[in-house]
Every structure is written in C-alpha cells, then in structure tokens.
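A.B. asks: The structure's right below; bear with me while I get my questions together.
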Amino acid sequence: MRQTEHYGLNQWELSDRIRMEDFNADNAKIAAALAGKLGPIEELPHTRFEYEGGFSARGFSALSWNGSWTDWAFTIATFRPWDLEAAQKDTLTIETNRGSRFTIQGGSFLVIFAALHDPSRDIQGLFLSSSVFQFFRDDSPFLGYTGGTLRNGSNLNGYTSVAFGVR
C-alpha cells in the first residue's frame, strides 16, 4: 500500500485490502498532527440558552466571560433549533465594532471567528447555516468585539447554543 510523503497516511489502490487498523492508525496520526498545530478544543463559559417558547432577539457571546482574543486562535458558536423547518425564517446577525452588519438566514447556525490570538486583527470569520455559508470581514479589530444577535423570525423556535474555543 502506498503512503503519503509527510505523514505516512495510507493511499489505497483497488488491489489493497481495507482494514480497520489502517483507518485507526491514520486517524491517530491526523489527531496528533492537529493537536500539535491547534491545541485542544474547549467549551467556553457562555450564556447557554434553551427556550421552549419563542423570542424575537437574543444576544450571544463570542468570547468566554472575562476572556481575551489573545487566548484563542478561533472561537466557535453553535445554534441548534428545536424545529429546523420553522427556523428557516430565523437570522443570525454579527454587528461589528464599527457598526457593520453581516446576516445569514436559515435554521442551524455555526459561526467561526478567526482571531488567531491577535486582538488587533480585523474581525473575520465564517457563517454556516443549514443551506448557506458566507465569509465575513470588517475593518475593525477584534479588540472590543464580544458577540452578535440571533433573531428568531418565527418567535416560536427554541434553540440550544454552545460556544467553543480553539487555543
């Protein structure tokens, strides 16, 4: 079986026998390489909200409480609706320090902020929703930026939110 040059990952050919041990060994190599580059993923202290009823707007934190952008390479906020079909009307809005607004519509959301340990960097990141992805960038620094707003278009959906940080 051939292997990649840098990490020795398996490169199967049609004549090779596929074995669970080969997959497990490759995954262990990948996990070790990523841990050395990114560090562990940690759940951040955040406002976890779950609603049985609706709401019109709810702010979310992009940083852990009393945290600093110098602590994180990336922060990730997830929003999972209880009713995905109804949540297609909902929007997630990021409003930056300078008042720029970036909005994405549609259901489950994932927001990745790429501060890269530098609060003087311009705000940048990626929105992902059930059907759309969008990059965002603003000419204002992460310094002073703390979060955004989830707007519930139907006023009926419940959401579960969790935030993570990658050092």
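By order of appearance in the structure tokens: chains A, B, ..., then residues from 1 within every chain, and ligands from 1 in the order shown.
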Near stretch 71-88 of chain A, within 6 Å and counting only C-alpha atoms, which residues show up once chain neighbours fewer than 3 positions away are dropped, as a list in words?

C.D. replies: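 Listed by chain and then number, they are Ser68, Gly106, Gly107, Ser108, Phe109, Leu110, Val111, Ile112, Phe113, Ala114, Ala115, Leu116, His117, Gly158, Tyr159, Thr160, Ser161, Val162, Ala163, Phe164, Gly165, Val166 and Arg167 of chain A.
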
A.B. asks: Measuring atom to atom with only C-alpha atoms, identify which of A:Thr93, A:Asp118, A:Ser15, A:Gln3 is nearest to A:Ala57.

C.D. replies: A:Thr93

A.B. asks: With only C-alpha atoms as the atoms that count, which of A:Asp22, A:Asp16, A:Glu95, A:Asp122 lies nearest to A:Gly148?

C.D. replies: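 Looking at the shortest contact to A:Gly148, the residue is A:Glu95.
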
A.B. asks: As an exercise, work out the distance from atom CA of A:Gly67 to atom CA of A:Ser140 in Å and give it to one decimal place.

C.D. replies: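 So the answer is 18.8 Å.
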
A.B. asks: Do a neighbour search on A:Asn10 at 10 Å with only C-alpha atoms, toss out local chain neighbours closer than 4 positions, and write the hits as an NGL selection string.

C.D. replies: :A and (1-4 or 22-23 or 25-26)

A.B. asks: Any idea what the distance is between atom CA of A:Ser130 and atom CA of A:Leu150?

C.D. replies: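 Between these atoms lies a distance of 14.6 Å.
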
A.B. asks: What does the structure give for the distance between atom CA of A:Asp90 and atom CA of A:Ile104, in Å to one decimal?

C.D. replies: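 Atom-to-atom, atom CA of A:Asp90 to atom CA of A:Ile104, that is 8.7 Å.
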
A.B. asks: What's around A:Asn97 at 12 Å? Count only C-alpha atoms, leave out sequence neighbours fewer than 3 positions away in its own chain, and write the answer as a PyMOL selection string.

C.D. replies: chain A and resi 94+100-101+122-123+137-148

A.B. asks: Those same residues - N, CA, C and O atoms - I'd like them written as a PDB file, in the first residue's frame.

C.D. replies:
ATOM      1  N   ILE A  94     -24.204  39.388  12.885  1.00  0.00           N
ATOM      2  CA  ILE A  94     -22.988  39.851  13.549  1.00  0.00           C
ATOM      3  C   ILE A  94     -22.910  41.348  13.306  1.00  0.00           C
ATOM      4  O   ILE A  94     -22.944  41.788  12.159  1.00  0.00           O
ATOM      5  N   SER A 100     -20.801  47.627  11.236  1.00  0.00           N
ATOM      6  CA  SER A 100     -21.083  46.784  10.076  1.00  0.00           C
ATOM      7  C   SER A 100     -21.927  45.600  10.511  1.00  0.00           C
ATOM      8  O   SER A 100     -21.776  45.099  11.615  1.00  0.00           O
ATOM      9  N   ARG A 101     -22.823  45.176   9.635  1.00  0.00           N
ATOM     10  CA  ARG A 101     -23.706  44.055   9.957  1.00  0.00           C
ATOM     11  C   ARG A 101     -23.564  42.975   8.902  1.00  0.00           C
ATOM     12  O   ARG A 101     -23.602  43.255   7.711  1.00  0.00           O
ATOM     13  N   ASP A 122      -8.235  42.470  12.037  1.00  0.00           N
ATOM     14  CA  ASP A 122      -9.597  42.799  11.625  1.00  0.00           C
ATOM     15  C   ASP A 122     -10.518  41.631  11.916  1.00  0.00           C
ATOM     16  O   ASP A 122     -10.117  40.465  11.799  1.00  0.00           O
ATOM     17  N   ILE A 123     -11.753  41.941  12.294  1.00  0.00           N
ATOM     18  CA  ILE A 123     -12.748  40.903  12.544  1.00  0.00           C
ATOM     19  C   ILE A 123     -12.956  40.103  11.265  1.00  0.00           C
ATOM     20  O   ILE A 123     -13.171  40.673  10.189  1.00  0.00           O
ATOM     21  N   ARG A 137     -15.830  39.826   6.971  1.00  0.00           N
ATOM     22  CA  ARG A 137     -14.622  40.547   7.377  1.00  0.00           C
ATOM     23  C   ARG A 137     -15.003  42.010   7.550  1.00  0.00           C
ATOM     24  O   ARG A 137     -15.814  42.537   6.798  1.00  0.00           O
ATOM     25  N   ASP A 138     -14.398  42.660   8.552  1.00  0.00           N
ATOM     26  CA  ASP A 138     -14.671  44.064   8.797  1.00  0.00           C
ATOM     27  C   ASP A 138     -13.364  44.771   9.123  1.00  0.00           C
ATOM     28  O   ASP A 138     -12.454  44.168   9.694  1.00  0.00           O
ATOM     29  N   ASP A 139     -13.282  46.027   8.750  1.00  0.00           N
ATOM     30  CA  ASP A 139     -12.067  46.811   9.021  1.00  0.00           C
ATOM     31  C   ASP A 139     -12.054  47.374  10.429  1.00  0.00           C
ATOM     32  O   ASP A 139     -11.711  48.532  10.645  1.00  0.00           O
ATOM     33  N   SER A 140     -12.446  46.567  11.382  1.00  0.00           N
ATOM     34  CA  SER A 140     -12.325  46.948  12.780  1.00  0.00           C
ATOM     35  C   SER A 140     -11.722  45.761  13.521  1.00  0.00           C
ATOM     36  O   SER A 140     -11.903  44.618  13.127  1.00  0.00           O
ATOM     37  N   PRO A 141     -10.988  46.028  14.592  1.00  0.00           N
ATOM     38  CA  PRO A 141     -10.283  44.950  15.271  1.00  0.00           C
ATOM     39  C   PRO A 141     -11.194  44.115  16.174  1.00  0.00           C
ATOM     40  O   PRO A 141     -12.259  44.567  16.590  1.00  0.00           O
ATOM     41  N   PHE A 142     -10.742  42.902  16.475  1.00  0.00           N
ATOM     42  CA  PHE A 142     -11.441  42.057  17.433  1.00  0.00           C
ATOM     43  C   PHE A 142     -11.500  42.716  18.805  1.00  0.00           C
ATOM     44  O   PHE A 142     -12.422  42.482  19.568  1.00  0.00           O
ATOM     45  N   LEU A 143     -10.502  43.555  19.108  1.00  0.00           N
ATOM     46  CA  LEU A 143     -10.455  44.227  20.398  1.00  0.00           C
ATOM     47  C   LEU A 143     -11.767  44.979  20.633  1.00  0.00           C
ATOM     48  O   LEU A 143     -12.167  45.821  19.842  1.00  0.00           O
ATOM     49  N   GLY A 144     -12.463  44.658  21.680  1.00  0.00           N
ATOM     50  CA  GLY A 144     -13.730  45.320  21.992  1.00  0.00           C
ATOM     51  C   GLY A 144     -14.944  44.596  21.456  1.00  0.00           C
ATOM     52  O   GLY A 144     -16.067  44.897  21.851  1.00  0.00           O
ATOM     53  N   TYR A 145     -14.770  43.632  20.541  1.00  0.00           N
ATOM     54  CA  TYR A 145     -15.906  42.899  19.995  1.00  0.00           C
ATOM     55  C   TYR A 145     -16.221  41.714  20.901  1.00  0.00           C
ATOM     56  O   TYR A 145     -15.322  40.990  21.302  1.00  0.00           O
ATOM     57  N   THR A 146     -17.485  41.516  21.221  1.00  0.00           N
ATOM     58  CA  THR A 146     -17.835  40.426  22.135  1.00  0.00           C
ATOM     59  C   THR A 146     -18.887  39.463  21.608  1.00  0.00           C
ATOM     60  O   THR A 146     -18.966  38.345  22.088  1.00  0.00           O
ATOM     61  N   GLY A 147     -19.743  39.850  20.651  1.00  0.00           N
ATOM     62  CA  GLY A 147     -20.759  38.911  20.221  1.00  0.00           C
ATOM     63  C   GLY A 147     -21.725  39.467  19.206  1.00  0.00           C
ATOM     64  O   GLY A 147     -21.490  40.520  18.629  1.00  0.00           O
ATOM     65  N   GLY A 148     -22.812  38.746  18.976  1.00  0.00           N
ATOM     66  CA  GLY A 148     -23.795  39.123  17.975  1.00  0.00           C
ATOM     67  C   GLY A 148     -25.200  38.819  18.461  1.00  0.00           C
ATOM     68  O   GLY A 148     -25.436  38.650  19.655  1.00  0.00           O
TER      69      GLY A 148
END
